[in-house]
Amino acid sequence: MPLKEVAKFSVSQLQVLDEHGQLDEKLDPRLSAADAVRLYEAMALGREVDQRLVRLQRQGRMGTCPTCTGHEAAVCAPALAMTERDWFVGYYREIGARLMRGDSLAQSLRYWHGYEEGNLQPQPGRTLPVTAIVGAQVLHAVGIAYAMKYRRETDSAVVTFFGDGATSQGDVHEAMNFAAVWQVPVVFICVNNQWAISQPREQQTRSETIAQKAIAYGFEGLQVDGNDPLGMYLATDRALRRAREGGGPTLIEALTYRLLMHTTADDPRRYRSDAEVERWWKRDPVPRMRRYLEGRALWGEAQQQALQERMRQQLDAAVAEAELREDWRPDLLFDHVFGAPDPELEAQRQTFLAALPAATAVDAHGA
Amino acid sequence: MPLKEVAKFSVSQLQVLDEHGQLDEKLDPRLSAADAVRLYEAMALGREVDQRLVRLQRQGRMGTCPTCTGHEAAVCAPALAMTERDWFVGYYREIGARLMRGDSLAQSLRYWHGYEEGNLQPQPGRTLPVTAIVGAQVLHAVGIAYAMKYRRETDSAVVTFFGDGATSQGDVHEAMNFAAVWQVPVVFICVNNQWAISQPREQQTRSETIAQKAIAYGFEGLQVDGNDPLGMYLATDRALRRAREGGGPTLIEALTYRLLMHTTADDPRRYRSDAEVERWWKRDPVPRMRRYLEGRALWGEAQQQALQERMRQQLDAAVAEAELREDWRPDLLFDHVFGAPDPELEAQRQTFLAALPAATAVDAHGA
Amino acid sequence: MAPKLTMVEAINLALRQEMERDDQVVLLGEDIGVNEGVFRVTAGLHKTFGAERVIDTPLAESGIVGTAIGMALAGLRPVAEIQFAGFVFLGFGQLEGHAARYRSRTLGQWTVPLVLRMPYGAGVRAHEHHSESREATLAGVPGLKVVIPSGPRSARALLAAAIRDPDPVIFMEPTQLYRAFREEVPEEPELGVIGRAHVERTGSDLTLVSWGAMMLPSRRAADALARDQGVQVELIDVQSVAPLDAATILESVSRTGRCVIVQEAARSFSLASEIVARINDQVLLQLEAPVQRVTGYDVVTPFFQRERLYMPNEARIIAAVGQALAD
Amino acid sequence: MAPKLTMVEAINLALRQEMERDDQVVLLGEDIGVNEGVFRVTAGLHKTFGAERVIDTPLAESGIVGTAIGMALAGLRPVAEIQFAGFVFLGFGQLEGHAARYRSRTLGQWTVPLVLRMPYGAGVRAHEHHSESREATLAGVPGLKVVIPSGPRSARALLAAAIRDPDPVIFMEPTQLYRAFREEVPEEPELGVIGRAHVERTGSDLTLVSWGAMMLPSRRAADALARDQGVQVELIDVQSVAPLDAATILESVSRTGRCVIVQEAARSFSLASEIVARINDQVLLQLEAPVQRVTGYDVVTPFFQRERLYMPNEARIIAAVGQALAD
Ligand SMILES: Cc1ncc(C[n+]2csc(CCOP(=O)(O)OP(=O)(O)O)c2C)c(N)n1
Ligand SMILES: Cc1ncc(C[n+]2csc(CCOP(=O)(O)OP(=O)(O)O)c2C)c(N)n1
Ligand SMILES: [Mg+2]
Ligand SMILES: [Mg+2]
């Protein structure tokens with residue numbers, strides 16, 4: 001065996017609905033009319049929320065927040081493929097999908113406006129809150145998947161989202177390796193939007209694709225057009241089925257693009273060209289999905305008008321609700337350091353409350 | 001592009017001198033007689049030191065220490081391929097190679113016997129000390145390689161060693177990714193000895209080979225018979241040349257086996273079969289290299305006898321030197337927390353020295 | 001009579017009984033299964049409960065902590081082992097950023113009831129990185145509990161309590177005590193109380209505070225002081241570094257007016273410093289002499305040849321008590 | 001007259017001048033090159049010195065710290081940036097296990113002269129994980145130096161000193177001060193002294209100790225106390241958390257007999273606690289009242305809506321001074 005080949009691998013790319021609205025019939029997941037409309041509406045709502053968040057932030061009514069424009073297919077189609085029994089373990093750029101999972105829009109607005117209260121979701125069920133530490137949640141996903149396997153919850157798998165930048169983190173590596181060794185039901189979705197703040201994808205890693213990173217762990221990786229809602233649905237659905245059947249993890253690389261700034265504090269023109277951004281606007285997933293619905297005669301201008309109006313109302317109501325501070329209690333955090341009260345913390349709470357009038361004055365001044 | 005293949009990869013395995021002493025002429029690196037003998041002697045010395053360390057430990061004259069038996073080809077052949085200008089960044093299982101690099105045997109014995117003094121090497125040059133935190137040193141290697149590239153030291157590259165278990169660590173992942181992105185001159189040698197203490201290779205990671213992990217970073221990985229000194233030499237030499245020429249990193253997976261216990265505190269019969277160990281003894285690299293020398297008429301029983309005698313003397317002298325405590329100064333560590341004295345530490349030193357008589361009594365009692 | 005167990009056996013008993021009681025308790029770590037742990041703490045458990053509940057993980061500490069967090073979020077009760085405390089800092093990001101915060105940031109909607117066990121401390125002639133005492137680094141993260149037993153019985157009771165605790169608990173096991181002595185440990189489950197110190201010996205002359213392996217020389221010093229000098233110290237075993245039971249310590253100091261704190265850890269930024277600060281806050285005016293801290297030094301933890309020289313011992317404790325009484 | 005710079009500009013000046021002085025100084029971090037840092041601290045440097053010396057790294061903090069250690073071992077002078085201090089714990093294993101130890105474990109044969117810069121602290125309405133003050137966690141590792149400036153001029157001088165220092169220096173930059181005020185910073189290089197506190201204002205009634213962003217309310221409180229109550233506090237800027245210049249603080253306390261310490265960090269296991277312990281050790285008998293600690297609370301750092309409520313402010317400081325004077 002002087003110099004012999006011992007292993008061979010390949011990486012494939014999936015696209016079902018291309019940027020011209022052309023559908024690959026053989027791969028068509030044949031969404032029901034209801035699902036197809038639901039998916040489009042979720043994508044449209046995600047887009048709408050994004051624009052409102054930016055506007056609110058510019059008006060000083062919102063904290064620094066990330067944008068999701070461009071990611072709608074990559075995150076909403078997987079959410080459609082998931083059931084309530086599946087776990088959603090995301091990062092910070094999936095607003096549309098989180099709303100599909102039952103998160104409250106008003107609460108999400110509160111979260112980004114710097115209130116812990118915003119993390120209280122009406123029925124958190126199996127949707128974890130936003131995480132800000134890049135990559136960390138991917139390990140949590142694998143631990144949850146272990147619990148599902150351990151409990152024989154064969155109707156449940158875990159879908160976890162992270163960015164192209166996150167693939168550099170040790171935690172993401174450790175997570176994929178643990179998942180493979182344990183053969184647990186988890187789907188890794190890398191939302192490869194070509195940038196990690198100002199770091200372009202090619203300088204994040206030298207691999208030709210992100211999908212091929214799965215080879216390092218011995219499971220399948222697939223590259224998907226992340227702006228293709230049907231492709232993302234199909235890939236996630238297949239991976240989820242495999243996971244639930246005991247086939248272990250899959251890595252899906254969703255090739256997409258962050259069309260706006262990293263967060264409202266970022267100015268992308270510092271590091272990327274308008275031409276590049278323009279090219280990607282042509283591949284925008286939201287109109288692509290709309291054209292698909294129109295092709296199936298499920299959508300038209302009237303529906304669009306109605307949807308716009310519904311979204312506007314929904315957003316106005318959510319903003320109003322989010323801006324209520326009825327439940328505001330300054331010392332809330334002292335309640336939740338531990339599951340039971342601690343004397344030292346209670347003493348500190350008294351100090352805190354005694355100092356509050358002066359602190360509130362400073363706050364008004366400083367804010 | 002519905003479902004199209006976008007990337008293809010393969011992994012090869014290299015062997016030059018097989019377990020029956022059969023040489024692949026086409027791949028023969030044609031070592032000079034002097035180099036061939038030097039390599040064998042280093043391997044033999046590594047083996048000898050290992051056995052002595054275990055004996056000393058059993059006699060209570062040595063701390064807990066790892067064994068290197070079986071790894072001689074995997075570590076000494078790369079050391080032969082390296083020049084003084086190259087950096088050696090190892091872990092804890094390369095004693096034979098470290099001695100080739102100029103480390104003092106007596107100092108190494110001191111190190112394993114719990115003396116900081118043992119880390120003082122006569123000419124540390126470009127050989128970093130032993131590291132115990134699994135995987136951490138691999139990042140240091142990449143930083144050093146960056147420095148070499150930055151300084152245009154084109155005659156210098158870095159070779160770093162780590163185990164199969166270490167591949168699970170986030171640090172090793174981050175290191176390989178940084179190295180690829182930076183295209184720095186570093187050779188990653190994974191000494192895959194099939195075990196990480198009691199964890200077998202297949203439960204460490206599900207990938208078919210360790211070599212294929214390089215695919216995740218976009219550089220070449222190669223599997224080498226790690227018990228084949230010529231194969232290891234050839235692979236390292238090629239990778240070093242490529243590195244020095246600006247071709248970036250390479251991953252070499254050295255397929256070998258830890259023939260003895262993990263450390264003197266370990267009992268491998270708790271977790272692996274004698275039969276498996278037996279099979280690997282048949283592939284022992286040291287006799288393989290000897291047969292190769294004999295085939296080239298460079299070695300015989302007389303040389304072997306002389307070598308044994310030299311090694312015995314060298315070891316006896318080193319043990320005697322290591323056991324001298326002439327330079328022993330209890331408060332040594334206070335000197336080296338920082339590069340300049342600090343008043344608080346100096347005050348603490350006085351407390352320490354004042355308490356020393358009583359502490360020494362305890363020590364005699366407790367040790 | 002209850003059997004006499006070493007601390008290793010007592011910890012093993014707690015693990016076994018908690019696993020029998022609750023099938024959501026799973027163990028994970030490096031070499032804890034087939035090999036039964038490098039200190040044999042998990043002896044027999046892999047055989048009894050199988051590989052699914054006693055999980056040999058890949059070699060990655062952040063992975064161990066991070067997946068344990070996920071397990072806990074999903075309702076399991078993971079008891080993870082870090083092979084030596086020196087390696088826990090590879091998982092510190094997960095502890096600080098996630099285990100410690102989930103309850104607080106979600107106002108109790110999500111919680112992380114995990115236990116992270118780890119041998120720690122010097123005194124067993126181990127290799128570098130295997131002998132640190134960094135309890136303060138962990139206890140300094142709000143949201144983490146840190147518990148340190150000082151003998152077989154407290155180890156068993158506190159570990160059982162940690163496993164049933166609704167919050168993340170770091171359970172630090174002094175290697176020096178693993179087989180240092182045996183103690184009767186009742187077969188029926190005992191539950192310690194996290195957040196409570198233990199007054200091991202009452203006395204009115206001085207309050208002696210310690211924890212973990214340093215309880216050994218502290219006990220010997222207390223005996224010797226009583227025997228040789230008629231000095232009656234009140235000996236307090238801290239047990240719970242976070243939350244800290246300051247009340248018990250302060251009450252004692254307010255009576256005795258004098259205090260010596262003995263810790264293995266380096267001197268600065270330590271639990272001893274924190275206790276002094278609490279004394280300052282609340283009982284300074286009852287203090288008759290400066291608090292004496294008998295501690296490790298602010299140096300990198302020495303290799304094993306020097307470790308005993310750097311660790312507090314009976315003589316240093318007795319000298320500090322003498323100083324506190326003389327001041 | 002020297003130009004008036006913000007702290008961001010002053011740090012930038014130090015980086016530029018040190019890079020001009022020594023071509024072995026290289027910068028690395030996330031988004032520090034083309035983007036010039038999320039706070040623009042590295043403005044212009046990528047343009048001037050190129051991508052080889054101002055390195056945009058992949059997104060991995062342990063990777064940043066670990067490769068910087070390698071660079072330093074090889075003789076470069078890396079100045080690494082952690083984008084926010086909340087992420088440094090992903091690299092804590094490298095700091096604790098390697099940066100802090102190389103000198104000691106090799107008795108000086110190998111050293112790690114790196115600087116790790118990081119914005120930290122609350123007050124700029126940032127997202128979670130972006131507002132912690134954990135200087136004590138880092139300073140508690142023997143072998144690491146930790147420096148915190150309180151204004152543009154000290155930031156520039158201390159950073160230059162850190163870059164020339166032979167040991168690993170953690171340089172913590174209070175985000176709240178980045179653009180809070182301008183100060184004259186001379187063009188010609190100034191070198192701060194690591195390990196030395198700065199007596200910013202002398203006074204004989206009470207010693208007020210603080211550092212970082214908390215120097216702002218401390219200064220205001222000192223002004224107000226002098227103006228409104230005729231109380232003269234001696235105001236000390238700690239600057240160097242490790243090594244700590246205890247002598248300067250203790251000398252002052254021994255004169256004033258009273259001390260208030262103001263920190264943003266949580267109360268327990270903190271630098272404030274450590275300073276109290278040092279006071280206990282050496283000047284307890286000169287103390288006329290308990291030391292007052294005005295601190296953050298032992299809770300998970302709040303999201304930004306509550307951050308100002310949790311941070312010390314002028315009113316709390318003045319109240320604590322009043323208490324210390326009354327006791
Ligand atoms: C551990 C950590 N390091 C750095 C950051 C700062 N940061 C926030 S998002 C981001 C880029 C993430 O890029 P990517 O993973 O590609 O996700 P994207 O934002 O592009 O969706 C960085 C560097 C962080 N939040 N956490
Ligand atoms: C970070 C860290 N975790 C755990 C350990 C304990 N430990 C020491 S060696 C070892 C196994 C290493 O296996 P591998 O990388 O395959 O190297 P080998 O010892 O087989 O040569 C373990 C778990 C350690 N030293 N460092
Ligand atoms: Mg991205
Ligand atoms: Mg191995």
# chains A, B, ... in the order shown; residues from 1 in each chain; ligands from 1
call {"tool": "closest_atom_pairs", "arguments": {"of": "chain C", "to": "ligand 1", "cutoff": "12 Å", "atoms": "only C-alpha atoms and all ligand atoms", "output": "Markdown table"}}
result
| residue | atom | partner | partner_atom_place_in_ligand_line | distance |
| --- | --- | --- | --- | --- |
| C:Gly93 | CA | ligand 1 | 1 (C) | 8.6 |
| C:Gln94 | CA | ligand 1 | 1 (C) | 10.3 |
| C:Glu96 | CA | ligand 1 | 1 (C) | 12.0 |
| C:Gly97 | CA | ligand 1 | 1 (C) | 9.6 |
| C:His98 | CA | ligand 1 | 1 (C) | 11.9 |
call {"tool": "write_last_selection", "arguments": {"atoms": "N, CA and C atoms", "output": "tab-separated table (two decimals), in the first residue's frame"}}
result
chain	number	residue	atom	x	y	z
C	93	GLY	N	-16.03	29.56	29.20
C	93	GLY	CA	-16.95	30.36	28.40
C	93	GLY	C	-18.38	29.84	28.51
C	94	GLN	N	-18.53	28.53	28.45
C	94	GLN	CA	-19.87	27.94	28.57
C	94	GLN	C	-20.43	28.15	29.97
C	96	GLU	N	-19.62	30.57	32.22
C	96	GLU	CA	-19.85	31.99	32.49
C	96	GLU	C	-20.98	32.53	31.61
C	97	GLY	N	-20.98	32.15	30.38
C	97	GLY	CA	-21.90	32.74	29.43
C	97	GLY	C	-23.28	32.10	29.41
C	98	HIS	N	-23.38	30.87	29.86
C	98	HIS	CA	-24.63	30.14	29.64
C	98	HIS	C	-25.15	29.45	30.89
call {"tool": "residues_near_ligand", "arguments": {"ligand": "ligand 4", "cutoff": "12 Å", "atoms": "only C-alpha atoms and all ligand atoms", "output": "mmCIF file with N, CA, C and O atoms, in the first residue's frame"}}
result
data_model
loop_
_atom_site.group_PDB
_atom_site.id
_atom_site.type_symbol
_atom_site.label_atom_id
_atom_site.label_comp_id
_atom_site.auth_asym_id
_atom_site.auth_seq_id
_atom_site.Cartn_x
_atom_site.Cartn_y
_atom_site.Cartn_z
ATOM 1 N N PRO B 66 4.195 9.814 31.253
ATOM 2 C CA PRO B 66 3.609 9.108 30.108
ATOM 3 C C PRO B 66 4.638 8.156 29.505
ATOM 4 O O PRO B 66 5.830 8.285 29.775
ATOM 5 N N THR B 67 4.182 7.222 28.705
ATOM 6 C CA THR B 67 5.112 6.328 28.000
ATOM 7 C C THR B 67 5.090 6.655 26.513
ATOM 8 O O THR B 67 4.094 7.140 25.985
ATOM 9 N N CYS B 68 6.209 6.381 25.856
ATOM 10 C CA CYS B 68 6.329 6.698 24.429
ATOM 11 C C CYS B 68 6.553 5.450 23.581
ATOM 12 O O CYS B 68 6.725 5.557 22.356
ATOM 13 N N GLY B 70 6.389 2.675 21.158
ATOM 14 C CA GLY B 70 5.541 2.501 19.986
ATOM 15 C C GLY B 70 5.499 3.735 19.108
ATOM 16 O O GLY B 70 5.208 3.660 17.918
ATOM 17 N N HIS B 71 5.829 4.892 19.700
ATOM 18 C CA HIS B 71 5.727 6.159 18.964
ATOM 19 C C HIS B 71 7.047 6.592 18.331
ATOM 20 O O HIS B 71 7.129 7.684 17.780
ATOM 21 N N TYR B 91 3.811 17.732 22.414
ATOM 22 C CA TYR B 91 2.987 17.570 23.615
ATOM 23 C C TYR B 91 3.822 16.871 24.662
ATOM 24 O O TYR B 91 4.807 17.470 25.124
ATOM 25 N N TYR B 92 3.518 15.629 25.016
ATOM 26 C CA TYR B 92 4.253 15.014 26.131
ATOM 27 C C TYR B 92 4.759 13.620 25.811
ATOM 28 O O TYR B 92 5.170 12.893 26.701
ATOM 29 N N ARG B 93 4.680 13.229 24.523
ATOM 30 C CA ARG B 93 4.986 11.836 24.238
ATOM 31 C C ARG B 93 6.008 11.726 23.113
ATOM 32 O O ARG B 93 5.837 10.977 22.160
ATOM 33 N N VAL B 134 -4.196 19.236 26.785
ATOM 34 C CA VAL B 134 -4.338 18.585 25.486
ATOM 35 C C VAL B 134 -4.791 19.577 24.406
ATOM 36 O O VAL B 134 -5.850 20.187 24.522
ATOM 37 N N GLY B 135 -3.974 19.718 23.390
ATOM 38 C CA GLY B 135 -4.347 20.495 22.203
ATOM 39 C C GLY B 135 -3.889 21.932 22.190
ATOM 40 O O GLY B 135 -3.777 22.532 21.118
ATOM 41 N N PHE B 161 3.014 18.413 17.228
ATOM 42 C CA PHE B 161 2.511 17.064 17.478
ATOM 43 C C PHE B 161 1.336 17.112 18.445
ATOM 44 O O PHE B 161 1.317 17.924 19.371
ATOM 45 N N PHE B 162 0.407 16.210 18.249
ATOM 46 C CA PHE B 162 -0.731 16.072 19.167
ATOM 47 C C PHE B 162 -1.372 14.717 18.918
ATOM 48 O O PHE B 162 -1.116 14.082 17.897
ATOM 49 N N GLY B 163 -2.207 14.296 19.845
ATOM 50 C CA GLY B 163 -2.774 12.957 19.760
ATOM 51 C C GLY B 163 -4.101 12.915 19.026
ATOM 52 O O GLY B 163 -4.655 13.943 18.632
ATOM 53 N N ASP B 164 -4.622 11.709 18.845
ATOM 54 C CA ASP B 164 -5.941 11.550 18.243
ATOM 55 C C ASP B 164 -7.007 12.168 19.143
ATOM 56 O O ASP B 164 -7.952 12.790 18.665
ATOM 57 N N GLY B 165 -6.826 12.034 20.449
ATOM 58 C CA GLY B 165 -7.783 12.643 21.358
ATOM 59 C C GLY B 165 -7.814 14.153 21.201
ATOM 60 O O GLY B 165 -8.882 14.778 21.249
ATOM 61 N N ALA B 166 -6.674 14.742 20.974
ATOM 62 C CA ALA B 166 -6.580 16.194 20.855
ATOM 63 C C ALA B 166 -7.402 16.733 19.687
ATOM 64 O O ALA B 166 -7.819 17.894 19.700
ATOM 65 N N THR B 167 -7.655 15.901 18.694
ATOM 66 C CA THR B 167 -8.422 16.408 17.544
ATOM 67 C C THR B 167 -9.831 16.827 17.954
ATOM 68 O O THR B 167 -10.490 17.562 17.218
ATOM 69 N N SER B 168 -10.294 16.356 19.101
ATOM 70 C CA SER B 168 -11.636 16.753 19.559
ATOM 71 C C SER B 168 -11.665 18.155 20.133
ATOM 72 O O SER B 168 -12.737 18.743 20.269
ATOM 73 N N CYS B 190 -0.599 14.479 13.701
ATOM 74 C CA CYS B 190 -1.466 13.848 14.676
ATOM 75 C C CYS B 190 -0.967 12.430 14.917
ATOM 76 O O CYS B 190 -1.007 11.584 14.019
ATOM 77 N N VAL B 191 -0.475 12.211 16.115
ATOM 78 C CA VAL B 191 0.007 10.883 16.472
ATOM 79 C C VAL B 191 -1.213 10.070 16.912
ATOM 80 O O VAL B 191 -1.610 10.093 18.072
ATOM 81 N N ASN B 192 -1.791 9.398 15.931
ATOM 82 C CA ASN B 192 -3.008 8.635 16.193
ATOM 83 C C ASN B 192 -2.617 7.266 16.721
ATOM 84 O O ASN B 192 -2.353 6.334 15.967
ATOM 85 N N ASN B 193 -2.592 7.180 18.037
ATOM 86 C CA ASN B 193 -2.183 5.911 18.662
ATOM 87 C C ASN B 193 -3.394 5.108 19.106
ATOM 88 O O ASN B 193 -3.291 4.232 19.956
ATOM 89 N N GLN B 194 -4.525 5.413 18.543
ATOM 90 C CA GLN B 194 -5.760 4.629 18.704
ATOM 91 C C GLN B 194 -6.456 4.818 20.044
ATOM 92 O O GLN B 194 -7.590 4.367 20.211
ATOM 93 N N TRP B 195 -5.813 5.445 20.985
ATOM 94 C CA TRP B 195 -6.415 5.602 22.303
ATOM 95 C C TRP B 195 -6.133 6.999 22.862
ATOM 96 O O TRP B 195 -5.063 7.557 22.633
ATOM 97 N N ALA B 196 -7.080 7.501 23.612
ATOM 98 C CA ALA B 196 -6.881 8.694 24.444
ATOM 99 C C ALA B 196 -7.230 8.209 25.847
ATOM 100 O O ALA B 196 -8.402 8.073 26.178
ATOM 101 N N ILE B 197 -6.213 7.909 26.595
ATOM 102 C CA ILE B 197 -6.386 7.119 27.816
ATOM 103 C C ILE B 197 -7.281 5.927 27.445
ATOM 104 O O ILE B 197 -6.837 5.085 26.646
ATOM 105 N N SER B 198 -8.511 5.888 27.947
ATOM 106 C CA SER B 198 -9.348 4.707 27.718
ATOM 107 C C SER B 198 -10.322 4.866 26.561
ATOM 108 O O SER B 198 -11.126 3.972 26.298
ATOM 109 N N GLN B 199 -10.295 6.004 25.912
ATOM 110 C CA GLN B 199 -11.267 6.270 24.843
ATOM 111 C C GLN B 199 -10.684 5.795 23.512
ATOM 112 O O GLN B 199 -9.668 6.323 23.061
ATOM 113 N N PRO B 200 -11.320 4.810 22.889
ATOM 114 C CA PRO B 200 -10.776 4.331 21.614
ATOM 115 C C PRO B 200 -11.023 5.339 20.497
ATOM 116 O O PRO B 200 -11.951 6.136 20.546
ATOM 117 N N ARG B 201 -10.187 5.260 19.513
ATOM 118 C CA ARG B 201 -10.237 6.166 18.367
ATOM 119 C C ARG B 201 -11.631 6.283 17.761
ATOM 120 O O ARG B 201 -12.095 7.388 17.449
ATOM 121 N N GLU B 202 -12.346 5.197 17.609
ATOM 122 C CA GLU B 202 -13.672 5.242 16.951
ATOM 123 C C GLU B 202 -14.679 5.985 17.800
ATOM 124 O O GLU B 202 -15.702 6.437 17.293
ATOM 125 N N GLN B 203 -14.436 6.073 19.089
ATOM 126 C CA GLN B 203 -15.371 6.826 19.918
ATOM 127 C C GLN B 203 -14.893 8.252 20.150
ATOM 128 O O GLN B 203 -15.576 9.054 20.774
ATOM 129 N N GLN B 204 -13.711 8.535 19.647
ATOM 130 C CA GLN B 204 -13.212 9.906 19.731
ATOM 131 C C GLN B 204 -13.806 10.730 18.601
ATOM 132 O O GLN B 204 -14.137 11.892 18.776
ATOM 133 N N THR B 205 -13.896 10.110 17.440
ATOM 134 C CA THR B 205 -14.458 10.791 16.285
ATOM 135 C C THR B 205 -14.926 9.748 15.292
ATOM 136 O O THR B 205 -14.360 8.661 15.218
ATOM 137 N N ILE B 210 -8.245 10.391 10.393
ATOM 138 C CA ILE B 210 -7.989 11.719 10.964
ATOM 139 C C ILE B 210 -7.540 12.653 9.837
ATOM 140 O O ILE B 210 -7.840 13.843 9.834
ATOM 141 N N GLU B 253 -1.434 12.342 9.479
ATOM 142 C CA GLU B 253 -1.948 11.426 10.488
ATOM 143 C C GLU B 253 -0.989 10.244 10.570
ATOM 144 O O GLU B 253 -0.851 9.484 9.619
ATOM 145 N N ALA B 254 -0.320 10.124 11.697
ATOM 146 C CA ALA B 254 0.610 9.015 11.892
ATOM 147 C C ALA B 254 -0.136 7.881 12.588
ATOM 148 O O ALA B 254 -0.453 7.972 13.768
ATOM 149 N N LEU B 255 -0.419 6.837 11.838
ATOM 150 C CA LEU B 255 -1.159 5.689 12.380
ATOM 151 C C LEU B 255 -0.227 4.833 13.213
ATOM 152 O O LEU B 255 0.642 4.137 12.670
ATOM 153 N N THR B 256 -0.404 4.865 14.505
ATOM 154 C CA THR B 256 0.507 4.096 15.345
ATOM 155 C C THR B 256 -0.258 3.552 16.537
ATOM 156 O O THR B 256 -1.488 3.453 16.492
ATOM 157 N N TYR B 257 0.463 3.218 17.571
ATOM 158 C CA TYR B 257 -0.184 2.590 18.727
ATOM 159 C C TYR B 257 0.626 2.871 19.983
ATOM 160 O O TYR B 257 1.851 2.831 19.953
ATOM 161 N N ARG B 258 -0.075 3.148 21.060
ATOM 162 C CA ARG B 258 0.582 3.260 22.371
ATOM 163 C C ARG B 258 0.678 1.852 22.942
ATOM 164 O O ARG B 258 -0.324 1.279 23.360
ATOM 165 N N LEU B 259 1.904 1.312 22.951
ATOM 166 C CA LEU B 259 2.062 -0.095 23.323
ATOM 167 C C LEU B 259 1.958 -0.312 24.830
ATOM 168 O O LEU B 259 1.618 -1.408 25.272
ATOM 169 N N LEU B 260 2.244 0.729 25.608
ATOM 170 C CA LEU B 260 2.191 0.576 27.072
ATOM 171 C C LEU B 260 1.032 1.401 27.642
ATOM 172 O O LEU B 260 0.123 1.791 26.930
ATOM 173 N N MET B 261 1.111 1.655 28.940
ATOM 174 C CA MET B 261 0.048 2.399 29.610
ATOM 175 C C MET B 261 0.103 3.877 29.222
ATOM 176 O O MET B 261 1.136 4.378 28.808
ATOM 177 N N HIS B 262 -1.052 4.561 29.405
ATOM 178 C CA HIS B 262 -1.119 5.990 29.119
ATOM 179 C C HIS B 262 -0.056 6.741 29.921
ATOM 180 O O HIS B 262 0.760 7.479 29.377
ATOM 181 N N THR B 263 -0.117 6.584 31.225
ATOM 182 C CA THR B 263 0.960 7.054 32.101
ATOM 183 C C THR B 263 1.181 5.946 33.119
ATOM 184 O O THR B 263 0.429 4.963 33.154
ATOM 185 N N PRO C 58 -15.868 12.392 24.002
ATOM 186 C CA PRO C 58 -14.621 12.827 23.364
ATOM 187 C C PRO C 58 -13.870 13.815 24.274
ATOM 188 O O PRO C 58 -14.430 14.333 25.244
ATOM 189 N N LEU C 59 -12.628 14.070 23.909
ATOM 190 C CA LEU C 59 -11.730 14.859 24.753
ATOM 191 C C LEU C 59 -11.928 16.357 24.514
ATOM 192 O O LEU C 59 -11.184 16.966 23.744
#
call {"tool": "residues_around", "arguments": {"residues": "stretch 34-46 of chain B", "least_positions_apart": "3", "cutoff": "7 Å", "atoms": "only C-alpha atoms", "output": "number ranges by chain"}}
result
B: 31, 49-50, 72-73, 76-77, 80, 95-96, 100, 286, 289-290, 311
call {"tool": "select_by_dssp", "arguments": {"residues": "stretch 134-335 of chain A", "states": "alpha helix (DSSP H)", "output": "ChimeraX atom specification"}}
result
/A:136-150,170-182,201-204,229-244,274-281,285-295,301-323
call {"tool": "residues_around", "arguments": {"residues": "stretch 207-214 of chain C", "least_positions_apart": "6", "cutoff": "9 Å", "atoms": "only C-alpha atoms", "output": "PyMOL selection string"}}
result
chain C and resi 121-123+148-151+172-177+222+233-241+249+252-253+255-264+272+311-313+321
call {"tool": "residues_around", "arguments": {"residues": "B:Ala359", "least_positions_apart": "6", "cutoff": "12 Å", "atoms": "only C-alpha atoms", "output": "JSON, numbers by chain"}}
result
{"B": [330, 351, 352, 353, 365, 366, 367], "C": [217, 306, 307, 308, 309, 310, 311, 312, 313, 314, 315, 316, 317]}
call {"tool": "residues_around", "arguments": {"residues": "B:Gln212", "least_positions_apart": "6", "cutoff": "8 Å", "atoms": "only C-alpha atoms", "output": "PyMOL selection string"}}
result
(chain A and resi 215-216) or (chain B and resi 10-11+221-222)
call {"tool": "write_last_selection", "arguments": {"atoms": "C-alpha atoms", "output": "compact mmCIF listing (two decimals), in the first residue's frame"}}
result
# COMPACT_ATOMS: atom_id res chain seq x y z
CA ILE A 215 -16.41 15.19 6.34
CA ALA A 216 -14.21 15.89 9.34
CA SER B 10 -9.77 11.89 -1.40
CA VAL B 11 -7.37 10.78 1.27
CA GLY B 221 -4.19 15.64 4.84
CA LEU B 222 -2.25 12.42 4.49
